[in-house]
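Have a look at query.txt below; it lists compact mmCIF, C-alpha atoms.
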```txt
# COMPACT_ATOMS: atom_id res chain seq x y z
CA MET K 28 30.42 3.17 -10.55
CA SER K 29 31.96 6.45 -11.67
CA LEU K 30 30.07 9.69 -12.24
CA ASN K 31 31.13 12.50 -14.51
CA ALA K 32 31.80 16.01 -13.21
CA THR K 33 28.27 17.24 -13.92
CA GLN K 34 26.69 14.28 -12.13
CA LYS K 35 28.99 14.73 -9.12
CA LEU K 36 28.01 18.40 -8.94
CA ALA K 37 24.35 17.41 -9.10
CA PHE K 38 24.79 15.10 -6.11
CA ARG K 39 26.55 17.84 -4.13
CA LEU K 40 23.64 20.18 -4.84
CA TYR K 41 21.18 17.39 -3.97
CA ASN K 42 22.97 16.89 -0.66
CA LEU K 43 22.88 20.63 0.02
CA SER K 44 19.16 20.83 -0.75
CA TRP K 45 18.49 18.11 1.82
CA SER K 46 20.57 20.02 4.40
CA CYS K 47 18.40 23.08 3.82
CA ALA K 48 15.17 21.07 3.94
CA LEU K 49 15.79 19.02 7.10
CA PRO K 50 14.94 21.79 9.63
CA TRP K 51 11.58 22.23 7.89
CA LEU K 52 10.95 18.50 7.60
CA ARG K 53 11.39 18.19 11.36
CA ARG K 54 8.19 20.25 11.75
CA ASN K 55 6.15 18.01 9.46
CA HIS K 56 3.67 16.04 11.58
CA ARG K 57 4.08 12.93 9.41
CA LEU K 58 7.88 12.96 9.62
CA ALA K 59 8.29 14.01 13.25
CA GLU K 60 7.81 10.41 14.41
CA GLY K 61 11.03 8.54 13.76
CA PHE K 62 12.91 11.72 12.82
CA ARG K 63 16.00 10.66 14.78
CA GLN K 64 16.18 7.38 12.89
CA ARG K 65 15.46 9.08 9.56
CA THR K 66 18.54 11.25 10.19
CA LEU K 67 20.55 8.36 11.73
CA LYS K 68 20.76 9.98 15.16
CA THR K 69 19.41 6.56 16.11
CA GLY K 70 21.16 3.90 14.07
CA LEU K 71 19.79 1.09 11.95
CA PRO K 72 20.96 -2.52 12.54
CA ALA K 73 23.20 -4.53 10.22
CA ALA K 74 21.38 -6.91 7.86
CA ASN K 75 22.03 -9.28 4.97
CA LEU K 76 18.81 -8.24 3.25
CA TRP K 77 17.30 -4.75 3.32
CA ILE K 78 13.69 -4.36 2.15
CA GLN K 79 12.22 -0.89 1.64
CA ALA K 80 8.42 -0.74 1.99
CA ALA K 81 7.27 2.85 1.54
CA SER K 82 3.90 2.69 3.29
CA VAL K 83 0.97 0.42 4.15
CA GLY K 84 0.57 -1.38 0.82
CA GLU K 85 4.27 -2.08 0.45
CA ALA K 86 4.48 -3.19 4.10
CA TYR K 87 2.02 -5.99 3.39
CA LEU K 88 4.05 -7.00 0.33
CA ALA K 89 7.19 -7.13 2.49
CA LEU K 90 5.40 -9.42 4.96
CA GLU K 91 4.45 -11.79 2.13
CA LEU K 92 8.08 -11.98 1.00
CA ILE K 93 9.49 -12.55 4.48
CA ARG K 94 6.96 -15.25 5.34
CA SER K 95 7.65 -17.07 2.08
CA LEU K 96 11.44 -16.73 2.06
CA ARG K 97 13.31 -20.02 2.48
CA THR K 98 17.03 -19.85 3.12
CA ALA K 99 19.60 -22.54 3.88
CA LYS K 100 21.61 -20.20 6.11
CA PRO K 101 20.43 -17.79 8.82
CA ILE K 102 19.92 -14.25 7.57
CA LYS K 103 19.13 -10.91 9.15
CA ILE K 104 16.50 -8.79 7.43
CA LEU K 105 15.92 -5.07 7.91
CA VAL K 106 12.54 -3.75 6.72
CA THR K 107 12.16 0.02 6.54
CA SER K 108 9.15 2.21 5.89
CA ASN K 109 8.52 5.93 5.36
CA THR K 110 5.29 6.11 7.36
CA SER K 111 4.12 5.43 10.89
CA GLN K 112 1.27 3.31 9.47
CA GLY K 113 3.75 1.13 7.60
CA MET K 114 5.90 0.83 10.72
CA GLU K 115 2.90 -0.20 12.80
CA ILE K 116 1.99 -3.01 10.40
CA LEU K 117 5.56 -4.27 10.19
CA THR K 118 6.20 -4.10 13.93
CA ARG K 119 2.92 -5.82 14.79
CA ASN K 120 3.46 -8.68 12.35
CA LEU K 121 7.20 -9.25 12.75
CA SER K 122 7.44 -9.21 16.53
CA GLY K 123 6.16 -12.76 17.05
CA PRO K 124 7.93 -16.12 16.80
CA GLN K 125 11.03 -16.38 14.66
CA LEU K 126 10.49 -17.25 11.01
CA ASN K 127 11.77 -20.21 8.99
CA ASN K 128 12.81 -22.16 12.11
CA GLY K 129 14.81 -19.22 13.40
CA ARG K 130 16.85 -18.76 10.23
CA ILE K 131 15.21 -15.40 9.49
CA GLN K 132 15.66 -12.60 11.99
CA PRO K 133 13.64 -9.52 10.94
CA GLN K 134 14.05 -6.02 12.34
CA VAL K 135 12.12 -2.85 11.54
CA GLY K 136 13.13 0.80 11.18
CA TYR K 137 12.29 4.10 9.55
CA PHE K 138 13.72 4.68 6.06
CA PRO K 139 16.51 7.29 6.22
CA PHE K 140 16.19 10.56 4.35
CA ASP K 141 17.81 10.32 0.93
CA LYS K 142 20.44 12.95 1.67
CA PRO K 143 23.56 11.37 0.08
CA ALA K 144 25.67 11.86 3.23
CA ILE K 145 22.99 10.16 5.36
CA MET K 146 22.47 7.33 2.90
CA GLN K 147 26.17 6.61 2.58
CA THR K 148 26.39 6.20 6.36
CA ALA K 149 23.21 4.09 6.44
CA VAL K 150 24.43 1.68 3.78
CA ALA K 151 27.87 1.45 5.40
CA ASN K 152 26.29 0.57 8.77
CA ILE K 153 23.64 -1.83 7.48
CA HIS K 154 26.02 -3.30 4.90
CA PRO K 155 23.37 -5.33 3.05
CA LYS K 156 24.21 -7.95 0.46
CA VAL K 157 20.86 -7.44 -1.29
CA MET K 158 18.48 -4.46 -1.39
CA VAL K 159 14.84 -5.02 -2.35
CA LEU K 160 12.85 -1.96 -3.41
CA LEU K 161 9.11 -2.58 -3.54
CA GLU K 162 7.07 -1.09 -6.37
CA THR K 163 8.51 2.39 -7.14
CA GLU K 164 11.24 3.27 -4.65
CA ILE K 165 13.85 4.97 -6.84
CA TRP K 166 16.07 7.16 -4.64
CA PRO K 167 19.30 8.53 -6.18
CA GLY K 168 21.18 8.87 -2.88
CA LEU K 169 20.31 5.32 -1.90
CA LEU K 170 21.12 3.80 -5.29
CA ARG K 171 24.50 5.51 -5.51
CA SER K 172 25.46 4.36 -2.00
CA LEU K 173 24.38 0.79 -2.72
CA LYS K 174 26.43 0.80 -5.92
CA ARG K 175 29.50 1.99 -4.02
CA TYR K 176 29.21 -0.95 -1.61
CA ARG K 177 28.53 -3.44 -4.43
CA CYS K 178 25.14 -4.36 -3.00
CA LYS K 179 22.81 -6.14 -5.41
CA ILE K 180 19.63 -4.13 -6.07
CA LEU K 181 16.24 -5.60 -7.00
CA ILE K 182 13.03 -3.75 -7.77
CA VAL K 183 10.22 -6.20 -6.97
CA ASN K 184 6.55 -5.84 -7.86
CA GLY K 185 7.75 -2.89 -9.87
CA ARG K 186 5.40 -0.32 -11.32
CA ILE K 187 6.02 3.11 -12.79
CA THR K 188 3.57 5.50 -14.41
CA GLU K 189 4.18 7.36 -17.64
CA LYS K 190 4.02 10.62 -15.68
CA SER K 191 6.76 9.51 -13.27
CA LEU K 192 8.87 8.16 -16.12
CA LYS K 193 8.86 11.53 -17.87
CA ARG K 194 10.36 13.17 -14.77
CA TYR K 195 13.09 10.55 -14.48
CA LEU K 196 13.91 10.80 -18.19
CA LEU K 197 14.95 14.42 -17.75
CA TRP K 198 18.36 12.91 -16.96
CA PRO K 199 18.53 9.42 -18.53
CA SER K 200 22.32 9.05 -18.36
CA LEU K 201 22.27 9.34 -14.56
CA TRP K 202 19.65 6.61 -14.15
CA GLN K 203 21.57 4.35 -16.52
CA LYS K 204 24.48 4.47 -14.07
CA LEU K 205 22.24 3.99 -11.02
CA ARG K 206 20.27 1.13 -12.59
CA PRO K 207 19.28 -1.85 -10.37
CA ASP K 208 20.60 -5.32 -11.11
CA GLU K 209 17.09 -6.64 -11.75
CA VAL K 210 13.61 -5.20 -12.18
CA LEU K 211 10.56 -7.46 -11.86
CA ALA K 212 7.59 -5.43 -13.12
CA ILE K 213 3.93 -6.33 -12.64
CA THR K 214 2.85 -5.67 -16.25
CA HIS K 215 4.46 -5.64 -19.67
CA ALA K 216 3.68 -1.91 -19.90
CA ASP K 217 5.53 -1.25 -16.63
CA ALA K 218 8.45 -3.39 -17.84
CA GLN K 219 8.65 -1.32 -21.04
CA ARG K 220 8.73 1.90 -19.03
CA PHE K 221 11.48 0.57 -16.75
CA SER K 222 13.42 -0.49 -19.86
CA ARG K 223 13.25 3.04 -21.21
CA LEU K 224 14.68 4.31 -17.93
CA PHE K 225 17.31 1.70 -17.08
CA GLY K 226 17.80 -0.27 -20.31
CA LYS K 227 16.36 -3.67 -21.19
CA ALA K 228 18.95 -5.84 -19.43
CA GLY K 229 17.60 -7.41 -16.25
CA VAL K 230 14.02 -6.16 -16.71
CA GLY K 231 11.27 -8.78 -16.63
CA VAL K 232 7.63 -9.34 -15.70
CA MET K 233 6.19 -11.09 -12.64
CA SER K 234 2.73 -11.78 -11.22
CA ASN K 235 1.67 -9.18 -8.70
CA ILE K 236 2.35 -10.24 -5.11
CA LYS K 237 -0.97 -8.68 -4.15
CA PHE K 238 -2.76 -11.62 -5.77
CA ASP K 239 -0.93 -13.98 -3.37
CA ARG K 240 -1.60 -11.80 -0.36
CA ILE K 241 -5.26 -11.24 -1.10
CA ALA K 242 -5.91 -14.97 -1.58
CA GLY K 243 -4.99 -15.51 2.06
CA VAL K 244 -7.53 -13.13 3.57
CA THR K 245 -10.80 -14.57 2.27
CA SER K 246 -13.46 -15.14 4.86
CA CYS K 247 -17.22 -15.02 5.23
CA GLY K 248 -16.80 -13.25 8.56
CA GLY K 249 -17.83 -15.86 11.11
CA ASP K 250 -19.03 -15.33 14.66
CA LYS K 251 -15.62 -14.07 15.83
CA ASN K 252 -15.91 -10.77 13.96
CA LYS K 253 -15.80 -8.27 16.83
CA LEU K 254 -17.59 -5.60 14.80
CA LYS K 255 -20.81 -7.58 15.18
CA ALA K 256 -21.01 -6.21 18.71
CA ILE K 257 -21.40 -2.61 17.50
CA LEU K 258 -23.57 -3.11 14.41
CA PRO K 259 -27.36 -3.51 14.70
CA ALA K 260 -28.20 -7.01 13.54
CA ASP K 261 -31.22 -6.07 11.43
CA ASN K 262 -29.89 -2.92 9.77
CA PRO K 263 -27.95 -2.74 6.50
CA PHE K 264 -24.30 -1.74 6.71
CA ILE K 265 -22.22 -0.17 3.93
CA VAL K 266 -18.52 0.70 3.83
CA LEU K 267 -17.00 3.77 2.19
CA ALA K 268 -13.30 2.87 2.18
CA SER K 269 -10.00 4.68 1.60
CA VAL K 270 -11.66 8.04 0.99
CA ARG K 271 -9.17 10.68 -0.16
CA GLN K 272 -9.28 14.41 0.50
CA GLU K 273 -9.98 15.32 -3.14
CA GLU K 274 -13.23 13.32 -3.17
CA GLU K 275 -14.63 14.28 0.22
CA ILE K 276 -17.49 16.41 -1.15
CA PRO K 277 -18.77 13.66 -3.51
CA VAL K 278 -18.55 11.14 -0.66
CA LYS K 279 -20.51 13.49 1.60
CA ASN K 280 -23.18 13.55 -1.12
CA ILE K 281 -23.17 9.75 -1.22
CA ILE K 282 -23.74 9.53 2.55
CA GLN K 283 -26.53 12.09 2.51
CA ASN K 284 -28.41 10.45 -0.36
CA VAL K 285 -28.08 6.88 0.86
CA LEU K 286 -29.32 7.85 4.34
CA ARG K 287 -32.15 9.94 2.87
CA ILE K 288 -33.49 6.94 0.92
CA ARG K 289 -32.51 4.13 3.32
CA GLN K 290 -32.68 5.79 6.74
CA GLU K 291 -32.06 2.53 8.58
CA THR K 292 -28.56 2.13 7.08
CA VAL K 293 -25.33 2.32 9.11
CA VAL K 294 -22.35 3.77 7.21
CA GLY K 295 -18.73 2.84 7.94
CA LEU K 296 -16.53 5.72 6.76
CA PHE K 297 -12.78 5.00 6.41
CA PRO K 298 -10.71 8.10 5.46
CA ARG K 299 -7.47 7.13 3.73
CA HIS K 300 -5.46 9.47 5.97
CA MET K 301 -6.09 9.93 9.68
CA HIS K 302 -5.35 13.65 9.66
CA ARG K 303 -8.67 14.12 7.78
CA ILE K 304 -10.71 12.85 10.74
CA PRO K 305 -11.27 16.39 12.21
CA TYR K 306 -12.49 17.57 8.80
CA TRP K 307 -15.02 14.75 8.63
CA GLN K 308 -16.21 15.45 12.17
CA LYS K 309 -16.89 19.06 11.21
CA MET K 310 -18.49 18.06 7.89
CA LEU K 311 -20.87 15.54 9.47
CA ARG K 312 -21.89 17.99 12.21
CA GLN K 313 -22.61 20.72 9.66
CA THR K 314 -24.76 18.40 7.54
CA GLY K 315 -26.67 17.12 10.56
CA ILE K 316 -25.59 13.51 10.15
CA GLY K 317 -25.10 11.59 13.38
CA TYR K 318 -21.71 9.96 13.83
CA THR K 319 -19.46 8.32 16.35
CA LEU K 320 -15.70 7.78 16.34
CA ARG K 321 -14.76 4.12 16.13
CA SER K 322 -12.25 4.59 18.97
CA LYS K 323 -15.12 5.62 21.25
CA THR K 324 -17.63 3.03 20.06
CA GLU K 325 -18.46 0.34 22.60
CA ARG K 326 -22.20 -0.17 22.14
CA ARG K 327 -24.42 -0.85 19.15
CA ILE K 328 -24.74 2.04 16.71
CA SER K 329 -28.19 3.48 16.05
CA ALA K 330 -29.63 3.23 12.54
CA GLY K 331 -28.92 6.16 10.23
CA ASN K 332 -25.54 6.94 11.76
CA VAL K 333 -21.97 7.00 10.51
CA ILE K 334 -19.09 5.21 12.20
CA LEU K 335 -16.06 7.39 11.51
CA TRP K 336 -13.08 5.04 11.59
CA ASP K 337 -10.16 6.64 13.42
CA THR K 338 -8.39 3.33 14.13
CA PHE K 339 -6.35 0.97 11.97
CA GLY K 340 -6.77 -2.69 11.12
CA GLU K 341 -10.56 -3.10 10.89
CA LEU K 342 -11.32 -2.53 7.22
CA LEU K 343 -11.37 -6.24 6.38
CA PRO K 344 -13.72 -7.15 9.28
CA ALA K 345 -15.97 -4.28 8.15
CA TYR K 346 -16.04 -5.55 4.57
CA ARG K 347 -17.01 -8.99 5.85
CA LEU K 348 -20.18 -7.60 7.40
CA ALA K 349 -21.10 -5.06 4.72
CA GLU K 350 -23.91 -5.44 2.21
CA SER K 351 -22.08 -3.10 -0.18
CA ALA K 352 -18.85 -1.12 -0.41
CA PHE K 353 -17.40 1.83 -2.29
CA VAL K 354 -13.59 2.06 -2.53
CA GLY K 355 -12.18 5.56 -2.80
CA GLY K 356 -9.27 7.26 -4.45
CA SER K 357 -11.36 6.82 -7.58
CA LEU K 358 -13.87 9.72 -7.70
CA ALA K 359 -10.97 12.09 -8.41
CA PRO K 360 -7.93 11.46 -10.65
CA LEU K 361 -5.89 9.79 -7.90
CA GLY K 362 -5.41 6.31 -9.36
CA GLY K 363 -7.68 4.38 -7.01
CA GLN K 364 -7.16 2.26 -3.89
CA ASN K 365 -7.13 -1.49 -3.30
CA PHE K 366 -10.59 -2.90 -4.08
CA LEU K 367 -9.56 -6.57 -4.01
CA GLU K 368 -9.90 -6.75 -0.22
CA ALA K 369 -13.61 -5.98 -0.51
CA LEU K 370 -14.00 -8.56 -3.25
CA VAL K 371 -12.43 -11.46 -1.34
CA SER K 372 -14.54 -10.50 1.67
CA GLY K 373 -17.65 -11.29 -0.35
CA VAL K 374 -18.63 -7.81 -1.58
CA ILE K 375 -18.49 -6.79 -5.24
CA PRO K 376 -16.76 -3.40 -4.91
CA ILE K 377 -17.92 -0.14 -6.45
CA ILE K 378 -15.30 2.35 -7.61
CA GLY K 379 -15.18 5.64 -9.49
CA PRO K 380 -13.78 6.16 -13.00
CA TRP K 381 -10.14 6.72 -11.97
CA TRP K 382 -8.36 3.48 -11.06
CA ASP K 383 -5.11 3.62 -13.07
CA ASN K 384 -3.05 2.33 -10.12
CA PHE K 385 -4.95 -0.96 -10.31
CA ALA K 386 -5.07 -1.38 -14.06
CA TRP K 387 -2.72 -4.34 -13.53
CA VAL K 388 -5.73 -6.33 -12.31
CA GLY K 389 -7.05 -6.24 -15.89
CA GLN K 390 -10.33 -5.34 -17.57
CA GLU K 391 -11.38 -8.98 -17.20
CA ILE K 392 -12.45 -8.26 -13.62
CA ILE K 393 -15.13 -5.88 -14.91
CA GLU K 394 -16.19 -8.25 -17.67
CA SER K 395 -16.59 -11.05 -15.12
CA GLY K 396 -18.89 -8.87 -12.99
CA LEU K 397 -16.48 -8.74 -10.03
CA LEU K 398 -15.97 -4.97 -10.16
CA ARG K 399 -18.36 -2.13 -10.92
CA VAL K 400 -17.14 1.25 -12.18
CA ALA K 401 -19.41 4.25 -11.60
CA GLY K 402 -19.05 7.41 -13.66
CA ASP K 403 -19.78 9.75 -10.74
CA TRP K 404 -21.07 9.86 -7.16
CA LYS K 405 -24.70 9.62 -8.28
CA GLN K 406 -24.02 6.27 -9.95
CA VAL K 407 -22.24 5.13 -6.79
CA VAL K 408 -25.42 5.88 -4.84
CA GLU K 409 -27.51 3.91 -7.35
CA LEU K 410 -25.26 0.87 -7.09
CA LEU K 411 -25.11 1.01 -3.28
CA LEU K 412 -28.89 1.16 -3.07
CA LYS K 413 -29.19 -1.72 -5.53
CA ASP K 414 -27.01 -3.85 -3.27
CA LEU K 415 -29.01 -2.87 -0.19
CA ALA K 416 -32.20 -3.97 -1.96
CA ASN K 417 -30.73 -7.26 -3.15
CA PRO K 418 -27.22 -8.04 -1.84
CA PRO K 419 -25.29 -10.69 -3.83
CA SER K 420 -24.51 -14.00 -2.14
CA ARG K 421 -21.31 -13.49 -0.15
CA LYS K 422 -20.30 -17.12 -0.63
CA ASP K 423 -20.78 -16.95 -4.41
CA VAL K 424 -18.77 -13.72 -4.65
CA ILE K 425 -15.88 -15.21 -2.67
CA ASN K 426 -15.81 -18.35 -4.81
CA ALA K 427 -15.77 -16.33 -8.02
CA ALA K 428 -13.08 -14.03 -6.63
CA LEU K 429 -10.88 -16.98 -5.66
CA GLN K 430 -11.12 -18.45 -9.14
CA PHE K 431 -10.13 -15.12 -10.66
CA ILE K 432 -7.19 -14.65 -8.28
CA GLU K 433 -5.90 -18.23 -8.34
CA ALA K 434 -5.07 -17.98 -12.03
CA ARG K 435 -2.88 -14.95 -11.33
CA ARG K 436 -0.86 -16.09 -8.29
CA GLY K 437 2.84 -16.98 -8.03
CA GLY K 438 4.58 -13.61 -7.80
CA THR K 439 5.78 -14.08 -4.22
CA GLU K 440 7.45 -17.40 -4.99
CA GLU K 441 9.18 -15.99 -8.05
CA ALA K 442 10.43 -12.91 -6.18
CA CYS K 443 11.73 -15.02 -3.28
CA ARG K 444 13.57 -17.27 -5.72
CA ARG K 445 15.38 -14.26 -7.20
CA ILE K 446 16.18 -12.81 -3.77
CA VAL K 447 17.67 -16.08 -2.54
CA ALA K 448 19.72 -16.43 -5.73
CA CYS K 449 21.16 -12.96 -5.19
CA LEU K 450 21.94 -13.67 -1.54
CA GLU K 451 23.70 -16.92 -2.39
CA SER K 452 25.79 -15.32 -5.15
CA SER K 453 26.86 -12.33 -3.03
```
Using structure tokens, write down the structure from this file.
Amino acid sequence: MSLNATQKLAFRLYNLSWSCALPWLRRNHRLAEGFRQRTLKTGLPAANLWIQAASVGEAYLALELIRSLRTAKPIKILVTSNTSQGMEILTRNLSGPQLNNGRIQPQVGYFPFDKPAIMQTAVANIHPKVMVLLETEIWPGLLRSLKRYRCKILIVNGRITEKSLKRYLLWPSLWQKLRPDEVLAITHADAQRFSRLFGKAGVGVMSNIKFDRIAGVTSCGGDKNKLKAILPADNPFIVLASVRQEEEIPVKNIIQNVLRIRQETVVGLFPRHMHRIPYWQKMLRQTGIGYTLRSKTERRISAGNVILWDTFGELLPAYRLAESAFVGGSLAPLGGQNFLEALVSGVIPIIGPWWDNFAWVGQEIIESGLLRVAGDWKQVVELLLKDLANPPSRKDVINAALQFIEARRGGTEEACRRIVACLESS
């Protein structure tokens, strides 16, 4: 791949901008962890297949791919993530027994900064045959380095918004040269947007891997749910999940109004980002609402209190015991968060009006009664109270959810088939 003089100059300036930014990035609390690996002071291992999973959602997609991958020859896989939460999920789930009878050897690391000089060294050291980018991981330094080493590049479960596309299209000729070998998009609209960026060749549509993943987590809860030990047996429990900073005031209003009308309720509050926990502690104290941190909760919670979740990995068990659930990122124009986990746990989720990031699920989910969209926080309160008065049958909800999801599965198998084909032809 050859760049013209203007494009080469742009990469030199891009490299310089990263050099200027790195001292400041070191001070960022989110980037401090793993900083040595992000700058390659600590190296990344060699691998046949490199999968980039930006954060939590992509990490779960990567796990689905690795567990489903079937190869005739042994391969080494490197999975990288940008966040400590993504790293935690990957490390916890890939540190057990070897996969595919020992043919797959996964390792985990932090994704290097996209400074071209850093990325060139990273690609040279890892020397992957195939690079899989999950959803929307389009990094110019990475793509150029992969092209130089003739590594095949796949975007899997691809999605790109019109807003993001407009930014990329400021320099279409550059992206034409950096184009991946294949793009598997999750909707026809996403495929059309990728085609406008990279050209039509190699761009197709696949079923979303999230449908495969979510089908495997259904459960009615059972007696083994450890959260039963901290929730009063005779009191209703609601979950407010993945709450983002921009919607904190409306969510505070939801908590106040639900507890005013149904004082016996216990509220499970799950902020989307852990650094907002101190804010919520202050907010709840100021409003006079009793709360306890999940990390310090060992005994049953009193009625009318909030459990402020400051630990990872318990959202699904909480859904499985909840009478109702609101899923955040949707009361402000943020695109929404994953509401399917609540659904397959037996709760018909409530969301706000902004859920563009999950439009791929389709309007049919609303028409089938498996998702409720509230216009504002007041409607959220109304729907939560309706569920508390007459909660739907958990078993019936799960059965309906499974039927909806089953018809949309198959993305993982298709993606693995393409990955294996690329590995075998490399």
Determine the axis-aligned bounding box of all atoms of segment 100-103 of chain K present in the file, pad each side by 8 Å, and express its centre and edge lengths in Å to one decimal place as JSON.
```
{"center_x": 20.4, "center_y": -15.6, "center_z": 7.6, "size_x": 18.5, "size_y": 25.3, "size_z": 19.0}
```
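Going from atom CA of Val371 of chain K to atom CA of Ile328 of chain K covers 25.7 Å.
The interatomic distance for the pair atom CA of Val157 of chain K and atom CA of Ser29 of chain K works out to 20.6 Å.
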message: At a cut-off of 8 Å, using all atoms listed in the file, what residues contact segment 225-234 of chain K? Leave out same-chain residues fewer than 5 positions from it and give the result as a PyMOL selection string.
response: chain K and resi 184+199+202-203+206-215+218+435-439+441-442
Please produce, as a tab-separated table, a per-residue contact table for segment 286-389 of chain K versus segment 42-60 of chain K (criterion: any atom at most 12 Å away, all atoms listed in the file considered), showing the nearest atom pair and its distance in Å to one decimal, sorted by chain then residue number.
```
residue	atom	partner	partner_atom	distance
K:His300	CA	K:Arg57	CA	10.7
K:Met301	CA	K:Arg57	CA	10.6
K:His302	CA	K:Arg57	CA	9.5
```
- prompt: atom CA of Tyr306 of chain K to atom CA of Ser82 of chain K: how many Å, to one decimal?
  reply: 22.8 Å
field: Residues near Ala427 of chain K, cut-off 9 Å, all atoms listed in the file, skip fewer than 3 positions along chain, as a ChimeraX atom specification
entry: /K:371,395,397,422-424,430-432
message: What's around Val447 of chain K at 12 Å? Count only C-alpha atoms, leave out sequence neighbours fewer than 2 positions away in its own chain, and write the answer as a list of chain:residue names.
response: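 Residues meeting the cut-off are K:Asn75, K:Leu76, K:Leu92, K:Ile93, K:Ser95, K:Leu96, K:Arg97, K:Thr98, K:Ala99, K:Lys100, K:Pro101, K:Ile102, K:Lys156, K:Val157, K:Met158, K:Val159, K:Lys179, K:Leu181, K:Glu440, K:Glu441, K:Ala442, K:Cys443, K:Arg444, K:Arg445, K:Cys449, K:Leu450, K:Glu451, K:Ser452, K:Ser453.
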task: Tell me, as a ChimeraX atom specification, which residues lie within 12 Å of Gly243 of chain K, counting only C-alpha atoms; anything in the same chain fewer than 4 positions away does not count.
output: /K:87,91,236-239,367-368,371-372,425,428-429,432-433,436
